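These notes are about the structure you will find just below.
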Amino acid sequence: MSASVIERKRRSAVRQTVIYVCIAMFCGLFSAIYEHFSHGVYSNAMICLFAYPLVLGALPYAAIALSKRLPLPEKRAAGVWDCGVTTLAVGSCLRGVLEIYGTTSSYTALYAPVGIALLAVGAILYFREAKARRTQPPAESRSVSV
């Protein structure tokens, strides 16, 4: 793999890391403002809202950006993983809003298993694609059949 391709992949991973850090900061700011106006009522789901994009979004992409061995995920794996992170964050936000409001909903229990399932599918796709790339011969050594 050429140096320019590696550098482009690293820049893409760094860009995703920055995006997820910005999302985590927005979630932290949103939860702080929401709890400020909640008249002293707090929710653990709202307090931990920022952790989902930070831990499940920024950290994996930062590891990919810093590592020379970890490949950048393909669009399909990254999309499913991102949907899992988003599902968990939205579920946490909704649960926090409902807890602060003083009510509950049985639907908020669905966000965690669906988000975890999406994360699992995204991870499986990532490792499958990484394994396929390792076993695939380099482009210049592949023969073309006529």
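A note on labels: chains of the structure tokens are A, B, ... as shown, every chain counts residues from 1, and ligands are counted from 1 in their shown order.
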Open item on the list: I need the residues in range 12-142 of chain A that are helix (DSSP H, G or I) according to DSSP; give them as a VMD selection string.
Closed with: chain A and resid 12 to 36 44 to 47 51 to 66 75 to 101 108 to 135 139 to 141
Distance query range 19-26 of chain A at most 9 Å, only C-alpha atoms, self and fewer than 4 positions along chain excluded, as a compact mmCIF listing (two decimals) with C-alpha atoms, in the first residue's frame:
# COMPACT_ATOMS: atom_id res chain seq x y z
CA VAL A 14 -8.70 11.35 12.43
CA ARG A 15 -11.65 13.20 10.85
CA PHE A 30 -27.09 19.25 25.93
CA SER A 31 -27.37 17.10 29.04
CA LEU A 49 -25.08 10.54 27.41
CA PHE A 50 -21.73 11.90 26.22
CA ALA A 51 -19.97 8.58 26.91
CA TYR A 52 -21.52 6.66 24.02
CA PRO A 53 -20.08 8.76 21.19
CA LEU A 54 -16.83 9.27 23.08
CA LEU A 56 -17.77 3.83 21.15
CA GLY A 57 -17.09 6.40 18.45
CA ALA A 58 -14.00 8.49 19.09
CA LEU A 59 -11.84 5.85 20.79
CA TYR A 61 -11.37 5.66 15.31
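Between CA of Leu125 in chain A and CA of Cys93 in chain A the interatomic distance comes to 27.3 Å.
The interatomic distance for the pair CA of Gly115 in chain A and CA of Cys83 in chain A works out to 7.5 Å.
The two atoms in question, CA of Met46 in chain A and CA of Val114 in chain A, are spaced 18.9 Å apart.
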Open item on the list: I'd like the neighbourhood of range 36-40 of chain A as a list in words, where a residue qualifies if any of its atoms comes within 12 Å (using only C-alpha atoms), though same-chain residues fewer than 2 positions away should be ignored.
Closed with: Leu29, Phe30, Ser31, Ala32, Ile33, Tyr34, Tyr42, Ser43, Met46, Ile47, Gly96, Val97, Leu98, Glu99, Ile100, Tyr101 and Gly102 of chain A
Task: Shell around Gly79 in chain A at 12 Å using only C-alpha atoms, local window under 3 positions removed, as a list of chain:residue names - done: A:Gln16, A:Gly57, A:Pro73, A:Glu74, A:Lys75, A:Arg76, A:Asp82, A:Cys83, A:Gly84, A:Val85, A:Thr86, A:Leu118, A:Leu119, A:Val121, A:Gly122, A:Ala123, A:Leu125, A:Tyr126
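The residue that comes closest to Leu94 in chain A, out of A:Ala45, A:Ala132, A:Ala63, A:Ala112 and on the basis of only C-alpha atoms, is A:Ala45.
Distance annotation: of A:Ala13, A:Cys27, A:Ala120, A:Val90, the residue with the minimal separation from Pro60 in chain A is A:Ala13; atom set is only C-alpha atoms.
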